[in-house]
Amino acid sequence: MAVDVLVGTQWGDEGKGKLIDVLTRDVDMVVRFQGGNNAGHTVEIGDNKYVLHLIPSGIFRKGVDCIIGNGVVVDPIGLMGEMTALAEQGFDMSQIQLSSNAHLVFAYHKEFDAFSESRLAEGKKIGTTKRGIGPTYADKAYRSGIRAGELCDLESLEEMFRTQLAKYNEIFTAAGMDALDPDEKWLELEKAAKYLAPFVTDTVQSVNSAIKAGKKILCEGAQATLLDIDHGTYPFVTSSSTVSGGACSGAGIAPRNIGTVWGVMKAYCTRVGEGPFPTELNDAMGEMLRKDGGEYGATTGRPRRCGWLDTVAGAFACMINGVDKLAVTKLDVLDGLDEIKLCVAYEIDGKRHDLYPSNTKLLAKAKPVYETMPGWKCSTSNAKSLDDLPENARKYLARVSELVNAEIGVVSVGPRRDQTFEVK
Ligand code: IMP
């Protein structure tokens with residue numbers, strides 16, 4: 001099969017950027033199919049660290065086509081900034097193609113995102129990245145969105161943009177906020193439109209021509225399964241289809257062309273933003289995971305909530321994505337621990353649940369049932385194969401694989417490209 005898909009199996013920040021960078025060694029095309037610049041994919045190459053928000057991680061490999069698919073929501077000013085910064089560092093922007101059907105994120109979407117959040121009571125806030133993602137997908141569903149194809153027709157873009165901005169300004173002023181200045185915002189947008197127009201194309205045809213030509217393609221998921229608009233912890237989710245099935249609609253790929261589905265799973269759990277998190281640790285152990293794992297948001301810098309690995313949620317994620325291969329990341333963060341806990345079931349209202357509940361209210365009441373495993377108390381960061389790992393680390397991985405019902409294909413033991421090995 002030509003198309004592999006890589007998705008996060010938790011609440012995001014599993015290390016997808018790094019994995020994609022490693023997996024793109026032999027691919028011809030990398031495709032983003034959902035989300036926007038709420039994502040922050042970190043890739044470390046040599047001494048350099050890059051954070052990508054919209055540009056597919058294939059950009060670091062010469063000649064790899066990088067597709068921003070129709071399912072993505074694109075902040076044109078953000079994308080221009082990201083592209084100019086990478087171009088200055090010598091990367092080739094001609095590798096990028098932007099779908100004419102991708103919806104655009106504008107200043108009014110970001111303003112509305114922040115405004116909506118500010119109106120929610122404590123405990124009801126979603127904790128969005130304030131990148132305008134939800135309002136843009138809402139406009140798309142409401143059929144009042146503006147798509148990237150319009151970047152090539154400035155007259156039409158300006159007319160649509162000013163009409164939509166006026167509509168949002170009515171809401172802002174009614175709420176006692178300042179209106180956005182249409183002329184100032186148009187000038188910023190016009191500059192980005194001129195820069196991006198040459199990159200706009202029919203990416204569905206590009207992707208399908210590549211499939212036909214037998215090229216190797218990797219679809220790069222952003223955010224993750226438990227933040228999926230349908231299958232995540234609604235309403236504490238993002239607004240797109242983050243699961244492997246989302247790659248079909250978000251890039252225009254027929255299901256029969258999907259090959260291997262990679263699921264990325266951190267060796268423990270983290271979450272940014274609000275919403276249920278059964279294994280969250282609000283203690284010294286949680287603090288240690290945050291510190292040793294460098295758990296701060298790549299997009300917003302927010303400290304991430306940390307906890308033990310939840311294999312009940314993990315098994316659910318592997319099931320709905322059809323994970324063929326699991327990539328376990330950040331195993332090294334657990335190196336110093338005496339013992340490690342794995343959540344193997346939940347207790348909800350006094351009853352044991354072995355399966356992940358799709359009802360967010362039930363999940364919010366879930367208490368983790370733990371299995372405790374001995375730690376390995378030595379560094380794994382130089383391991384180059386499963387055999388190099390201490391026995392207890394191998395046992396931990398084997399137990400995770402058994403509990404989530406997916407085969408481990410890759411293990412990552414540090415942030416660098418070379419701190420990743422395949423499990424044969
Ligand atoms: P939004 O996508 O900005 O609307 O945010 C909705 C929820 O998804 C919030 O809880 C965010 O913290 C979370 N979120 C969005 N993007 C990411 C990401 O790339 N990593 C982790 N969490 C994310």
# chains A, B, ... in the order shown; residues from 1 in each chain; ligands from 1

call {"tool": "residues_near_ligand", "arguments": {"ligand": "ligand 1", "cutoff": "8 Å", "atoms": "only C-alpha atoms and all ligand atoms", "output": "NGL selection string"}}
result
:A and (11-13 or 35-41 or 113 or 126-134 or 222-224 or 227 or 236-239 or 271-275 or 297-299)

call {"tool": "residues_around", "arguments": {"residues": "Val400 in chain A", "least_positions_apart": "6", "cutoff": "9 Å", "atoms": "only C-alpha atoms", "output": "list in words"}}
result
Ala267, Leu309, Thr311, Gly314, Leu342, Ala406 and Ile408 of chain A

call {"tool": "residues_around", "arguments": {"residues": "range 90-95 of chain A", "least_positions_apart": "5", "cutoff": "9 Å", "atoms": "only C-alpha atoms", "output": "number ranges by chain"}}
result
A: 58-67, 83-84, 199

call {"tool": "write_last_selection", "arguments": {"atoms": "all heavy atoms", "output": "tab-separated table (two decimals), in the first residue's frame"}}
result
chain	number	residue	atom	x	y	z
A	58	GLY	N	8.07	16.53	6.63
A	58	GLY	CA	8.93	16.08	5.54
A	58	GLY	C	9.84	17.18	5.02
A	58	GLY	O	10.77	16.91	4.25
A	59	ILE	N	9.62	18.41	5.43
A	59	ILE	CA	10.39	19.55	4.90
A	59	ILE	C	11.90	19.41	5.16
A	59	ILE	O	12.72	19.97	4.44
A	59	ILE	CB	9.84	20.89	5.47
A	59	ILE	CG1	10.32	22.09	4.65
A	59	ILE	CG2	10.17	21.08	6.93
A	59	ILE	CD1	9.75	22.17	3.27
A	60	PHE	N	12.26	18.63	6.17
A	60	PHE	CA	13.69	18.48	6.48
A	60	PHE	C	14.38	17.45	5.61
A	60	PHE	O	15.57	17.21	5.75
A	60	PHE	CB	13.86	18.14	7.97
A	60	PHE	CG	13.24	19.18	8.87
A	60	PHE	CD1	12.23	18.84	9.76
A	60	PHE	CD2	13.65	20.50	8.80
A	60	PHE	CE1	11.64	19.81	10.56
A	60	PHE	CE2	13.07	21.47	9.59
A	60	PHE	CZ	12.06	21.12	10.47
A	61	ARG	N	13.63	16.81	4.73
A	61	ARG	CA	14.23	15.84	3.80
A	61	ARG	C	14.13	16.42	2.40
A	61	ARG	O	13.02	16.73	1.93
A	61	ARG	CB	13.45	14.51	3.82
A	61	ARG	CG	13.29	13.91	5.20
A	61	ARG	CD	14.40	12.96	5.49
A	61	ARG	NE	14.21	12.35	6.80
A	61	ARG	CZ	15.19	11.77	7.47
A	61	ARG	NH1	16.40	11.71	6.97
A	61	ARG	NH2	14.97	11.23	8.65
A	62	LYS	N	15.26	16.54	1.77
A	62	LYS	CA	15.32	17.13	0.41
A	62	LYS	C	14.43	16.34	-0.57
A	62	LYS	O	14.44	15.12	-0.57
A	62	LYS	CB	16.77	17.05	-0.09
A	62	LYS	CG	17.44	18.39	-0.17
A	62	LYS	CD	18.76	18.27	-0.93
A	62	LYS	CE	19.55	19.53	-1.01
A	62	LYS	NZ	19.04	20.76	-0.54
A	63	GLY	N	13.66	17.08	-1.33
A	63	GLY	CA	12.89	16.44	-2.40
A	63	GLY	C	11.57	15.82	-1.97
A	63	GLY	O	10.81	15.34	-2.81
A	64	VAL	N	11.29	15.79	-0.65
A	64	VAL	CA	10.02	15.21	-0.20
A	64	VAL	C	8.90	16.23	-0.39
A	64	VAL	O	9.01	17.37	0.08
A	64	VAL	CB	10.13	14.79	1.30
A	64	VAL	CG1	8.78	14.41	1.86
A	64	VAL	CG2	11.12	13.65	1.46
A	65	ASP	N	7.84	15.84	-1.10
A	65	ASP	CA	6.71	16.75	-1.29
A	65	ASP	C	5.97	16.90	0.04
A	65	ASP	O	5.70	15.90	0.72
A	65	ASP	CB	5.73	16.19	-2.33
A	65	ASP	CG	6.32	16.26	-3.73
A	65	ASP	OD1	7.05	17.23	-4.01
A	65	ASP	OD2	6.07	15.34	-4.53
A	66	CYS	N	5.63	18.14	0.38
A	66	CYS	CA	4.96	18.41	1.65
A	66	CYS	C	3.59	19.02	1.35
A	66	CYS	O	3.51	20.13	0.85
A	66	CYS	CB	5.78	19.39	2.49
A	66	CYS	SG	7.33	18.68	3.02
A	67	ILE	N	2.56	18.24	1.67
A	67	ILE	CA	1.20	18.64	1.29
A	67	ILE	C	0.44	19.14	2.51
A	67	ILE	O	0.37	18.44	3.53
A	67	ILE	CB	0.43	17.43	0.70
A	67	ILE	CG1	1.23	16.75	-0.42
A	67	ILE	CG2	-0.97	17.83	0.27
A	67	ILE	CD1	1.34	17.51	-1.70
A	83	MET	N	7.11	29.67	6.82
A	83	MET	CA	7.84	29.37	5.57
A	83	MET	C	9.04	30.31	5.40
A	83	MET	O	10.13	29.85	5.04
A	83	MET	CB	6.89	29.50	4.36
A	83	MET	CG	5.92	28.34	4.28
A	83	MET	SD	4.64	28.53	3.02
A	83	MET	CE	5.57	28.28	1.52
A	84	THR	N	8.87	31.58	5.70
A	84	THR	CA	10.01	32.50	5.51
A	84	THR	C	11.14	32.15	6.49
A	84	THR	O	12.31	32.19	6.12
A	84	THR	CB	9.60	33.98	5.65
A	84	THR	OG1	8.78	34.12	6.79
A	84	THR	CG2	8.85	34.50	4.45
A	199	PHE	N	1.76	28.67	-4.09
A	199	PHE	CA	1.82	27.32	-3.51
A	199	PHE	C	0.46	26.62	-3.53
A	199	PHE	O	0.35	25.46	-3.19
A	199	PHE	CB	2.32	27.40	-2.05
A	199	PHE	CG	3.70	27.98	-1.95
A	199	PHE	CD1	3.89	29.34	-1.72
A	199	PHE	CD2	4.81	27.18	-2.11
A	199	PHE	CE1	5.16	29.89	-1.64
A	199	PHE	CE2	6.10	27.71	-2.03
A	199	PHE	CZ	6.27	29.06	-1.80

call {"tool": "residues_around", "arguments": {"residues": "range 209-214 of chain A", "least_positions_apart": "5", "cutoff": "10 Å", "atoms": "only C-alpha atoms", "output": "list in words"}}
result
Met1, Ala2, Val3, Asp28, Met29, Asp65, Thr203, Val204, Ile253 and Asn257 of chain A

call {"tool": "write_last_selection", "arguments": {"atoms": "C-alpha atoms", "output": "PDB file, in the first residue's frame"}}
result
ATOM      1  CA  MET A   1       0.000   0.000   0.000  1.00  0.00           C
ATOM      2  CA  ALA A   2       1.230   3.461  -0.851  1.00  0.00           C
ATOM      3  CA  VAL A   3      -0.122   5.467   2.070  1.00  0.00           C
ATOM      4  CA  ASP A  28       8.274  10.712  -1.273  1.00  0.00           C
ATOM      5  CA  MET A  29       5.437  12.744   0.193  1.00  0.00           C
ATOM      6  CA  ASP A  65       6.710  16.752  -1.285  1.00  0.00           C
ATOM      7  CA  THR A 203      -3.544  18.615  -3.688  1.00  0.00           C
ATOM      8  CA  VAL A 204      -6.094  15.815  -4.029  1.00  0.00           C
ATOM      9  CA  ILE A 253      -7.457   9.346  -0.196  1.00  0.00           C
ATOM     10  CA  ASN A 257      -5.057   2.943  -0.332  1.00  0.00           C
TER      11      ASN A 257
END

call {"tool": "atom_distance", "arguments": {"atom1": "CA of Ala121 in chain A", "atom2": "CA of Glu287 in chain A"}}
result
26.8 Å

call {"tool": "residues_around", "arguments": {"residues": "Val73 in chain A", "least_positions_apart": "2", "cutoff": "9 Å", "atoms": "only C-alpha atoms", "output": "PyMOL selection string"}}
result
chain A and resi 34-37+54+69-71+75+102-105+133+136-137+147

call {"tool": "write_last_selection", "arguments": {"atoms": "C-alpha atoms", "output": "JSON list (two decimals), in the first residue's frame"}}
result
[["chain", "number", "residue", "atom", "x", "y", "z"],
["A", 34, "GLN", "CA", -6.33, 18.07, 9.74],
["A", 35, "GLY", "CA", -5.79, 20.67, 12.44],
["A", 36, "GLY", "CA", -3.88, 23.88, 12.01],
["A", 37, "ASN", "CA", -1.18, 25.81, 13.78],
["A", 54, "LEU", "CA", 1.60, 23.90, 9.77],
["A", 69, "GLY", "CA", -4.33, 18.98, 2.67],
["A", 70, "ASN", "CA", -7.92, 20.09, 2.31],
["A", 71, "GLY", "CA", -8.78, 19.06, 5.89],
["A", 75, "ASP", "CA", -3.60, 30.73, 9.17],
["A", 102, "ALA", "CA", -8.12, 24.10, 2.90],
["A", 103, "HIS", "CA", -10.04, 26.63, 4.98],
["A", 104, "LEU", "CA", -8.33, 29.81, 6.08],
["A", 105, "VAL", "CA", -8.01, 31.06, 9.65],
["A", 133, "ILE", "CA", -9.23, 26.48, 15.11],
["A", 136, "THR", "CA", -12.71, 28.22, 11.47],
["A", 137, "TYR", "CA", -14.04, 24.65, 11.40],
["A", 147, "ARG", "CA", -10.75, 28.58, 1.29]]

call {"tool": "atom_distance", "arguments": {"atom1": "CA of Pro235 in chain A", "atom2": "CA of Leu52 in chain A"}}
result
26.1 Å

call {"tool": "atom_distance", "arguments": {"atom1": "CA of Gly252 in chain A", "atom2": "CA of Gly149 in chain A"}}
result
16.3 Å

call {"tool": "residues_around", "arguments": {"residues": "Arg290 in chain A", "least_positions_apart": "6", "cutoff": "9 Å", "atoms": "only C-alpha atoms", "output": "PyMOL selection string"}}
result
chain A and resi 270+296+303-306

call {"tool": "closest_residue", "arguments": {"among": "A:Met80, A:Lys365, A:Leu187, A:Asp178", "to": "Thr279 in chain A", "atoms": "only C-alpha atoms"}}
result
A:Lys365

call {"tool": "select_by_dssp", "arguments": {"residues": "range 22-147 of chain A", "states": "strand (DSSP E)", "output": "number ranges by chain"}}
result
A: 29-32, 41-45, 48-52, 65-68, 73-74, 96-99, 103-104

call {"tool": "write_last_selection", "arguments": {"atoms": "N, CA and C atoms", "output": "mmCIF file, in the first residue's frame"}}
result
data_model
loop_
_atom_site.group_PDB
_atom_site.id
_atom_site.type_symbol
_atom_site.label_atom_id
_atom_site.label_comp_id
_atom_site.auth_asym_id
_atom_site.auth_seq_id
_atom_site.Cartn_x
_atom_site.Cartn_y
_atom_site.Cartn_z
ATOM 1 N N MET A 29 6.409 11.685 -0.054
ATOM 2 C CA MET A 29 5.437 12.744 0.193
ATOM 3 C C MET A 29 4.922 12.658 1.634
ATOM 4 N N VAL A 30 4.811 13.802 2.302
ATOM 5 C CA VAL A 30 4.213 13.842 3.640
ATOM 6 C C VAL A 30 2.983 14.747 3.570
ATOM 7 N N VAL A 31 1.877 14.283 4.149
ATOM 8 C CA VAL A 31 0.608 15.003 4.018
ATOM 9 C C VAL A 31 0.034 15.336 5.393
ATOM 10 N N ARG A 32 -0.245 16.604 5.630
ATOM 11 C CA ARG A 32 -1.034 16.985 6.813
ATOM 12 C C ARG A 32 -2.500 16.959 6.403
ATOM 13 N N HIS A 41 4.946 20.490 16.179
ATOM 14 C CA HIS A 41 5.742 19.265 16.020
ATOM 15 C C HIS A 41 7.228 19.591 16.136
ATOM 16 N N THR A 42 7.843 19.025 17.152
ATOM 17 C CA THR A 42 9.244 19.337 17.420
ATOM 18 C C THR A 42 10.149 18.293 16.776
ATOM 19 N N VAL A 43 11.144 18.784 16.059
ATOM 20 C CA VAL A 43 12.106 17.883 15.407
ATOM 21 C C VAL A 43 13.509 18.367 15.763
ATOM 22 N N GLU A 44 14.346 17.476 16.287
ATOM 23 C CA GLU A 44 15.728 17.853 16.594
ATOM 24 C C GLU A 44 16.651 17.177 15.600
ATOM 25 N N ILE A 45 17.435 17.999 14.894
ATOM 26 C CA ILE A 45 18.392 17.447 13.931
ATOM 27 C C ILE A 45 19.756 18.015 14.292
ATOM 28 N N ASN A 48 20.307 21.389 16.176
ATOM 29 C CA ASN A 48 19.200 22.313 15.914
ATOM 30 C C ASN A 48 17.857 21.710 16.294
ATOM 31 N N LYS A 49 17.024 22.585 16.855
ATOM 32 C CA LYS A 49 15.679 22.159 17.230
ATOM 33 C C LYS A 49 14.686 23.004 16.443
ATOM 34 N N TYR A 50 13.754 22.350 15.751
ATOM 35 C CA TYR A 50 12.754 23.074 14.958
ATOM 36 C C TYR A 50 11.370 22.721 15.476
ATOM 37 N N VAL A 51 10.478 23.721 15.507
ATOM 38 C CA VAL A 51 9.084 23.432 15.842
ATOM 39 C C VAL A 51 8.222 23.814 14.643
ATOM 40 N N LEU A 52 7.533 22.822 14.104
ATOM 41 C CA LEU A 52 6.660 23.070 12.955
ATOM 42 C C LEU A 52 5.216 23.160 13.433
ATOM 43 N N ASP A 65 7.845 15.835 -1.104
ATOM 44 C CA ASP A 65 6.710 16.752 -1.285
ATOM 45 C C ASP A 65 5.969 16.903 0.043
ATOM 46 N N CYS A 66 5.633 18.135 0.381
ATOM 47 C CA CYS A 66 4.956 18.413 1.649
ATOM 48 C C CYS A 66 3.592 19.016 1.354
ATOM 49 N N ILE A 67 2.559 18.239 1.666
ATOM 50 C CA ILE A 67 1.201 18.638 1.287
ATOM 51 C C ILE A 67 0.436 19.136 2.512
ATOM 52 N N ILE A 68 -0.158 20.306 2.380
ATOM 53 C CA ILE A 68 -1.091 20.790 3.410
ATOM 54 C C ILE A 68 -2.472 20.542 2.820
ATOM 55 N N VAL A 73 -6.802 23.555 8.558
ATOM 56 C CA VAL A 73 -7.201 24.965 8.593
ATOM 57 C C VAL A 73 -5.916 25.792 8.697
ATOM 58 N N VAL A 74 -5.784 26.752 7.789
ATOM 59 C CA VAL A 74 -4.498 27.417 7.592
ATOM 60 C C VAL A 74 -4.563 28.903 7.927
ATOM 61 N N ILE A 96 6.570 22.565 -0.865
ATOM 62 C CA ILE A 96 5.245 22.709 -0.232
ATOM 63 C C ILE A 96 4.126 22.926 -1.253
ATOM 64 N N GLN A 97 3.005 22.220 -1.011
ATOM 65 C CA GLN A 97 1.782 22.461 -1.796
ATOM 66 C C GLN A 97 0.635 22.681 -0.814
ATOM 67 N N LEU A 98 -0.153 23.720 -1.082
ATOM 68 C CA LEU A 98 -1.271 24.060 -0.190
ATOM 69 C C LEU A 98 -2.588 23.787 -0.917
ATOM 70 N N SER A 99 -3.442 22.992 -0.303
ATOM 71 C CA SER A 99 -4.718 22.639 -0.949
ATOM 72 C C SER A 99 -5.597 23.869 -1.146
ATOM 73 N N HIS A 103 -9.397 25.392 4.486
ATOM 74 C CA HIS A 103 -10.042 26.626 4.977
ATOM 75 C C HIS A 103 -9.026 27.533 5.666
ATOM 76 N N LEU A 104 -9.282 28.826 5.537
ATOM 77 C CA LEU A 104 -8.331 29.807 6.083
ATOM 78 C C LEU A 104 -8.776 30.314 7.450
#

call {"tool": "residues_around", "arguments": {"residues": "Leu334 in chain A", "least_positions_apart": "6", "cutoff": "9 Å", "atoms": "only C-alpha atoms", "output": "number ranges by chain"}}
result
A: 267-268, 289, 292-293, 340, 375-377

call {"tool": "write_last_selection", "arguments": {"atoms": "N, CA and C atoms", "output": "PDB file, in the first residue's frame"}}
result
ATOM      1  N   ALA A 267       5.394   6.915  26.808  1.00  0.00           N
ATOM      2  CA  ALA A 267       5.491   5.880  27.844  1.00  0.00           C
ATOM      3  C   ALA A 267       4.732   6.257  29.116  1.00  0.00           C
ATOM      4  N   TYR A 268       4.233   7.490  29.161  1.00  0.00           N
ATOM      5  CA  TYR A 268       3.346   7.951  30.237  1.00  0.00           C
ATOM      6  C   TYR A 268       2.333   8.856  29.549  1.00  0.00           C
ATOM      7  N   LEU A 289       7.758  14.022  36.105  1.00  0.00           N
ATOM      8  CA  LEU A 289       7.529  13.689  34.686  1.00  0.00           C
ATOM      9  C   LEU A 289       7.563  14.956  33.841  1.00  0.00           C
ATOM     10  N   ASP A 292      11.421  16.182  33.873  1.00  0.00           N
ATOM     11  CA  ASP A 292      12.332  15.300  33.128  1.00  0.00           C
ATOM     12  C   ASP A 292      11.881  15.111  31.684  1.00  0.00           C
ATOM     13  N   GLY A 293      10.566  15.197  31.464  1.00  0.00           N
ATOM     14  CA  GLY A 293      10.076  15.009  30.096  1.00  0.00           C
ATOM     15  C   GLY A 293      10.004  16.311  29.316  1.00  0.00           C
ATOM     16  N   ILE A 340       6.898   1.641  38.377  1.00  0.00           N
ATOM     17  CA  ILE A 340       6.105   2.347  37.364  1.00  0.00           C
ATOM     18  C   ILE A 340       4.696   1.780  37.384  1.00  0.00           C
ATOM     19  N   GLY A 375      10.831  -0.669  38.201  1.00  0.00           N
ATOM     20  CA  GLY A 375      11.567   0.176  37.257  1.00  0.00           C
ATOM     21  C   GLY A 375      12.870  -0.485  36.854  1.00  0.00           C
ATOM     22  N   TRP A 376      13.692   0.208  36.042  1.00  0.00           N
ATOM     23  CA  TRP A 376      14.959  -0.397  35.589  1.00  0.00           C
ATOM     24  C   TRP A 376      16.163   0.389  36.097  1.00  0.00           C
ATOM     25  N   LYS A 377      15.927   1.588  36.578  1.00  0.00           N
ATOM     26  CA  LYS A 377      16.948   2.361  37.288  1.00  0.00           C
ATOM     27  C   LYS A 377      18.304   2.462  36.566  1.00  0.00           C
TER      28      LYS A 377
END

call {"tool": "decode", "arguments": {"residues": "range 296-355 of chain A", "atoms": "C-alpha atoms", "output": "PDB file, in the first residue's frame"}}
result
ATOM      1  CA  TYR A 296       5.658  22.283  28.181  1.00  0.00           C
ATOM      2  CA  GLY A 297       3.457  23.031  25.148  1.00  0.00           C
ATOM      3  CA  ALA A 298       5.388  23.558  21.899  1.00  0.00           C
ATOM      4  CA  THR A 299       2.755  26.041  20.670  1.00  0.00           C
ATOM      5  CA  THR A 300       1.655  27.854  23.819  1.00  0.00           C
ATOM      6  CA  GLY A 301       4.439  27.052  26.327  1.00  0.00           C
ATOM      7  CA  ARG A 302       1.774  25.913  28.814  1.00  0.00           C
ATOM      8  CA  PRO A 303       2.902  23.299  31.379  1.00  0.00           C
ATOM      9  CA  ARG A 304       1.405  19.939  30.455  1.00  0.00           C
ATOM     10  CA  ARG A 305      -0.582  17.870  32.946  1.00  0.00           C
ATOM     11  CA  CYS A 306       1.266  14.568  33.524  1.00  0.00           C
ATOM     12  CA  GLY A 307       0.340  11.085  34.718  1.00  0.00           C
ATOM     13  CA  TRP A 308       0.892   7.336  34.360  1.00  0.00           C
ATOM     14  CA  LEU A 309       0.232   5.527  31.111  1.00  0.00           C
ATOM     15  CA  ASP A 310      -3.446   4.774  30.632  1.00  0.00           C
ATOM     16  CA  THR A 311      -3.748   1.537  28.678  1.00  0.00           C
ATOM     17  CA  VAL A 312      -7.566   1.548  28.815  1.00  0.00           C
ATOM     18  CA  ALA A 313      -7.589   4.741  26.742  1.00  0.00           C
ATOM     19  CA  GLY A 314      -4.619   3.365  24.772  1.00  0.00           C
ATOM     20  CA  ALA A 315      -6.497   0.190  23.800  1.00  0.00           C
ATOM     21  CA  PHE A 316      -9.454   2.315  22.662  1.00  0.00           C
ATOM     22  CA  ALA A 317      -7.167   4.491  20.553  1.00  0.00           C
ATOM     23  CA  CYS A 318      -5.463   1.481  18.970  1.00  0.00           C
ATOM     24  CA  MET A 319      -8.869  -0.008  18.198  1.00  0.00           C
ATOM     25  CA  ILE A 320     -10.447   2.978  16.444  1.00  0.00           C
ATOM     26  CA  ASN A 321      -7.307   3.850  14.494  1.00  0.00           C
ATOM     27  CA  GLY A 322      -6.572   0.245  13.583  1.00  0.00           C
ATOM     28  CA  VAL A 323      -3.007   0.693  14.803  1.00  0.00           C
ATOM     29  CA  ASP A 324      -0.703  -1.786  13.074  1.00  0.00           C
ATOM     30  CA  LYS A 325       2.451  -0.543  14.722  1.00  0.00           C
ATOM     31  CA  LEU A 326       2.985   1.311  17.921  1.00  0.00           C
ATOM     32  CA  ALA A 327       5.823   3.780  18.416  1.00  0.00           C
ATOM     33  CA  VAL A 328       6.540   4.171  22.125  1.00  0.00           C
ATOM     34  CA  THR A 329       8.276   7.466  22.874  1.00  0.00           C
ATOM     35  CA  LYS A 330      10.095   9.013  25.831  1.00  0.00           C
ATOM     36  CA  LEU A 331      10.819   5.672  27.494  1.00  0.00           C
ATOM     37  CA  ASP A 332      13.996   7.278  28.892  1.00  0.00           C
ATOM     38  CA  VAL A 333      11.936   9.682  31.024  1.00  0.00           C
ATOM     39  CA  LEU A 334      11.034   6.691  33.233  1.00  0.00           C
ATOM     40  CA  ASP A 335      14.701   5.613  33.644  1.00  0.00           C
ATOM     41  CA  GLY A 336      15.177   6.731  37.261  1.00  0.00           C
ATOM     42  CA  LEU A 337      11.988   5.298  38.769  1.00  0.00           C
ATOM     43  CA  ASP A 338      11.853   2.531  41.397  1.00  0.00           C
ATOM     44  CA  GLU A 339       8.479   1.431  40.164  1.00  0.00           C
ATOM     45  CA  ILE A 340       6.105   2.347  37.364  1.00  0.00           C
ATOM     46  CA  LYS A 341       2.344   2.202  37.329  1.00  0.00           C
ATOM     47  CA  LEU A 342       0.142   1.216  34.422  1.00  0.00           C
ATOM     48  CA  CYS A 343      -3.572   1.925  34.425  1.00  0.00           C
ATOM     49  CA  VAL A 344      -5.260  -1.342  33.387  1.00  0.00           C
ATOM     50  CA  ALA A 345      -8.915  -0.572  34.213  1.00  0.00           C
ATOM     51  CA  TYR A 346     -11.116   2.144  35.700  1.00  0.00           C
ATOM     52  CA  GLU A 347     -13.329   2.152  38.722  1.00  0.00           C
ATOM     53  CA  ILE A 348     -16.451   4.229  38.087  1.00  0.00           C
ATOM     54  CA  ASP A 349     -19.117   4.556  40.779  1.00  0.00           C
ATOM     55  CA  GLY A 350     -17.651   1.535  42.564  1.00  0.00           C
ATOM     56  CA  LYS A 351     -17.704  -0.708  39.467  1.00  0.00           C
ATOM     57  CA  ARG A 352     -14.717  -1.929  37.460  1.00  0.00           C
ATOM     58  CA  HIS A 353     -14.646  -0.936  33.768  1.00  0.00           C
ATOM     59  CA  ASP A 354     -12.177  -2.676  31.496  1.00  0.00           C
ATOM     60  CA  LEU A 355     -13.319  -0.744  28.434  1.00  0.00           C
TER      61      LEU A 355
END
